[in-house]
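Presented below is the structure to which this report refers.
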Amino acid sequence: MTDLLKEYEYVLSALSAKSGEDIAAMDLSGLGGLSDVFILVTGNSEVHMKTLMEAAEEALGRSGQPCRREGEGSANWRLLDAGHVIVHIFSHKGREFYKLDKLWQDAEIWHYEAPEPQG
């Protein structure tokens, strides 16, 4: 994982804490994209997608990164744009349809796994 992706691990952790599925971060910094990092997550329902959006927005806000919401009325794809990082929140159907993982296949991608609890 690149240092750039590590910089946003707190967002990935917040999404994981709300049971986000297939959480991934993509380093787009060398590809001339719209931002440096895309974070992708899948939710199980519109309510779950809203919960994931709120968790990511709160995490970004705590780190001093204001963001803009888009697609709140969509059942398939919502996003938070914080400039250098964009969080994409998909339904299962939306994730399969848009295939951002494949569209940006030249980017380094890291699939997030929550750390095992220390017992």
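Each chain in the structure tokens gets a letter, A, B, ..., in the order shown, and its residues are numbered from 1; ligands are numbered from 1 in order too.
For Asp101 (chain A), the list of residues within 12 Å, based on only C-alpha atoms and with local chain neighbours fewer than 4 positions off taken out, reads A:Asp22, A:Ile23, A:Ala24, A:Ala25, A:Met26, A:Asp27, A:Leu28, A:Phe38, A:Ile39, A:Leu40, A:Val41, A:His88, A:Arg95, A:Glu96, A:Phe97, A:Gln105, A:Asp106, A:Ala107, A:Glu108, A:Ile109, A:Trp110, A:His111.
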Could you list, as a ChimeraX atom specification, every residue within 9 Å of region 74-83 of chain A, counting only C-alpha atoms and ignoring same-chain residues fewer than 3 positions away? /A:34-36,45-46,49-50,53,56-57,60,65-71,86-95,98
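Relative to CA of Ser29 (chain A), CA of Ser63 (chain A) is found at 20.2 Å.
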CA of Asn44 (chain A) to CA of Leu5 (chain A), straight-line distance in Å: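 According to the coordinates, CA of Leu5 (chain A) and CA of Asn44 (chain A) are separated by 24.8 Å.
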Could you please determine the separation between CA of Thr51 (chain A) and CA of Glu72 (chain A) in Å, to one decimal place?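 That distance, rounded to one decimal, is 11.4 Å.
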Enumerate the residues of chain A with a DSSP assignment of strand (DSSP E), computed from the backbone, and present them as a VMD selection string. chain A and resid 21 to 27 37 to 42 68 to 70 77 to 81 85 to 90 108 to 111
Could you please write out, as an mmCIF file with N, CA and C atoms, in the first residue's frame, every residue of chain A that DSSP assigns to helix (DSSP H, G or I)?
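result_18.cif was written with the following content:
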data_model
loop_
_atom_site.group_PDB
_atom_site.id
_atom_site.type_symbol
_atom_site.label_atom_id
_atom_site.label_comp_id
_atom_site.auth_asym_id
_atom_site.auth_seq_id
_atom_site.Cartn_x
_atom_site.Cartn_y
_atom_site.Cartn_z
ATOM 1 N N ASP A 3 2.010 5.210 0.561
ATOM 2 C CA ASP A 3 1.834 6.159 1.670
ATOM 3 C C ASP A 3 0.580 6.996 1.471
ATOM 4 N N LEU A 4 0.276 7.321 0.220
ATOM 5 C CA LEU A 4 -0.918 8.111 -0.075
ATOM 6 C C LEU A 4 -2.177 7.370 0.362
ATOM 7 N N LEU A 5 -2.255 6.081 0.086
ATOM 8 C CA LEU A 5 -3.422 5.308 0.509
ATOM 9 C C LEU A 5 -3.469 5.178 2.031
ATOM 10 N N LYS A 6 -2.309 5.006 2.669
ATOM 11 C CA LYS A 6 -2.253 4.924 4.129
ATOM 12 C C LYS A 6 -2.802 6.184 4.777
ATOM 13 N N GLU A 9 -6.464 5.772 5.567
ATOM 14 C CA GLU A 9 -6.897 4.540 6.217
ATOM 15 C C GLU A 9 -7.988 4.789 7.253
ATOM 16 N N TYR A 10 -8.017 5.970 7.860
ATOM 17 C CA TYR A 10 -9.050 6.293 8.836
ATOM 18 C C TYR A 10 -10.443 6.295 8.202
ATOM 19 N N VAL A 11 -10.555 6.661 6.932
ATOM 20 C CA VAL A 11 -11.846 6.613 6.235
ATOM 21 C C VAL A 11 -12.231 5.159 5.983
ATOM 22 N N LEU A 12 -11.274 4.358 5.553
ATOM 23 C CA LEU A 12 -11.522 2.940 5.307
ATOM 24 C C LEU A 12 -11.988 2.248 6.588
ATOM 25 N N SER A 13 -11.352 2.587 7.687
ATOM 26 C CA SER A 13 -11.721 2.019 8.985
ATOM 27 C C SER A 13 -13.141 2.425 9.383
ATOM 28 N N ALA A 14 -13.506 3.678 9.136
ATOM 29 C CA ALA A 14 -14.858 4.151 9.459
ATOM 30 C C ALA A 14 -15.901 3.398 8.639
ATOM 31 N N LEU A 15 -15.603 3.135 7.382
ATOM 32 C CA LEU A 15 -16.529 2.384 6.528
ATOM 33 C C LEU A 15 -16.636 0.931 6.982
ATOM 34 N N SER A 16 -15.522 0.361 7.373
ATOM 35 C CA SER A 16 -15.512 -1.007 7.873
ATOM 36 C C SER A 16 -16.318 -1.129 9.167
ATOM 37 N N ALA A 17 -16.215 -0.130 10.035
ATOM 38 C CA ALA A 17 -16.945 -0.143 11.302
ATOM 39 C C ALA A 17 -18.454 -0.139 11.088
ATOM 40 N N GLU A 46 -30.325 1.152 0.559
ATOM 41 C CA GLU A 46 -30.225 2.608 0.535
ATOM 42 C C GLU A 46 -29.924 3.154 1.929
ATOM 43 N N VAL A 47 -30.525 2.548 2.951
ATOM 44 C CA VAL A 47 -30.263 2.984 4.326
ATOM 45 C C VAL A 47 -28.808 2.732 4.689
ATOM 46 N N HIS A 48 -28.294 1.578 4.296
ATOM 47 C CA HIS A 48 -26.897 1.254 4.575
ATOM 48 C C HIS A 48 -25.964 2.209 3.824
ATOM 49 N N MET A 49 -26.296 2.523 2.574
ATOM 50 C CA MET A 49 -25.489 3.469 1.802
ATOM 51 C C MET A 49 -25.473 4.837 2.488
ATOM 52 N N LYS A 50 -26.604 5.259 3.030
ATOM 53 C CA LYS A 50 -26.672 6.536 3.748
ATOM 54 C C LYS A 50 -25.791 6.495 4.994
ATOM 55 N N THR A 51 -25.839 5.384 5.713
ATOM 56 C CA THR A 51 -25.015 5.213 6.916
ATOM 57 C C THR A 51 -23.531 5.274 6.559
ATOM 58 N N LEU A 52 -23.151 4.624 5.470
ATOM 59 C CA LEU A 52 -21.749 4.644 5.023
ATOM 60 C C LEU A 52 -21.326 6.052 4.632
ATOM 61 N N MET A 53 -22.209 6.773 3.954
ATOM 62 C CA MET A 53 -21.900 8.143 3.559
ATOM 63 C C MET A 53 -21.675 9.016 4.790
ATOM 64 N N GLU A 54 -22.540 8.880 5.773
ATOM 65 C CA GLU A 54 -22.411 9.674 7.002
ATOM 66 C C GLU A 54 -21.129 9.333 7.754
ATOM 67 N N ALA A 55 -20.775 8.038 7.802
ATOM 68 C CA ALA A 55 -19.551 7.627 8.503
ATOM 69 C C ALA A 55 -18.309 8.203 7.818
ATOM 70 N N ALA A 56 -18.269 8.145 6.491
ATOM 71 C CA ALA A 56 -17.115 8.681 5.759
ATOM 72 C C ALA A 56 -17.046 10.203 5.898
ATOM 73 N N GLU A 57 -18.198 10.854 5.810
ATOM 74 C CA GLU A 57 -18.232 12.310 5.935
ATOM 75 C C GLU A 57 -17.769 12.744 7.323
ATOM 76 N N GLU A 58 -18.191 12.030 8.342
ATOM 77 C CA GLU A 58 -17.762 12.350 9.706
ATOM 78 C C GLU A 58 -16.252 12.162 9.864
ATOM 79 N N ALA A 59 -15.729 11.057 9.320
ATOM 80 C CA ALA A 59 -14.286 10.792 9.405
ATOM 81 C C ALA A 59 -13.495 11.882 8.687
ATOM 82 N N LEU A 60 -13.928 12.263 7.506
ATOM 83 C CA LEU A 60 -13.243 13.319 6.768
ATOM 84 C C LEU A 60 -13.341 14.648 7.507
ATOM 85 N N GLY A 61 -14.501 14.942 8.069
ATOM 86 C CA GLY A 61 -14.696 16.185 8.811
ATOM 87 C C GLY A 61 -13.797 16.275 10.031
ATOM 88 N N ARG A 62 -13.642 15.148 10.747
ATOM 89 C CA ARG A 62 -12.763 15.136 11.929
ATOM 90 C C ARG A 62 -11.319 15.431 11.547
ATOM 91 N N HIS A 92 -24.840 -3.013 -4.645
ATOM 92 C CA HIS A 92 -24.206 -4.126 -5.367
ATOM 93 C C HIS A 92 -24.407 -3.950 -6.875
ATOM 94 N N LYS A 93 -25.610 -3.578 -7.263
ATOM 95 C CA LYS A 93 -25.936 -3.377 -8.676
ATOM 96 C C LYS A 93 -25.106 -2.236 -9.264
ATOM 97 N N GLY A 94 -24.984 -1.132 -8.545
ATOM 98 C CA GLY A 94 -24.209 0.011 -9.014
ATOM 99 C C GLY A 94 -22.735 -0.311 -9.156
ATOM 100 N N ARG A 95 -22.177 -1.051 -8.209
ATOM 101 C CA ARG A 95 -20.747 -1.406 -8.257
ATOM 102 C C ARG A 95 -20.460 -2.238 -9.487
ATOM 103 N N GLU A 96 -21.357 -3.174 -9.774
ATOM 104 C CA GLU A 96 -21.189 -4.029 -10.946
ATOM 105 C C GLU A 96 -21.356 -3.234 -12.246
ATOM 106 N N PHE A 97 -22.287 -2.305 -12.274
ATOM 107 C CA PHE A 97 -22.555 -1.531 -13.480
ATOM 108 C C PHE A 97 -21.415 -0.562 -13.811
ATOM 109 N N TYR A 98 -20.965 0.209 -12.835
ATOM 110 C CA TYR A 98 -19.961 1.249 -13.093
ATOM 111 C C TYR A 98 -18.537 0.713 -13.194
ATOM 112 N N LEU A 100 -15.718 0.812 -11.576
ATOM 113 C CA LEU A 100 -14.596 1.752 -11.466
ATOM 114 C C LEU A 100 -13.269 1.030 -11.257
ATOM 115 N N ASP A 101 -13.315 -0.122 -10.589
ATOM 116 C CA ASP A 101 -12.102 -0.910 -10.367
ATOM 117 C C ASP A 101 -11.450 -1.257 -11.706
ATOM 118 N N LYS A 102 -12.260 -1.562 -12.707
ATOM 119 C CA LYS A 102 -11.738 -1.938 -14.016
ATOM 120 C C LYS A 102 -11.450 -0.708 -14.885
ATOM 121 N N LEU A 103 -12.278 0.325 -14.752
ATOM 122 C CA LEU A 103 -12.089 1.550 -15.524
ATOM 123 C C LEU A 103 -10.728 2.184 -15.223
#
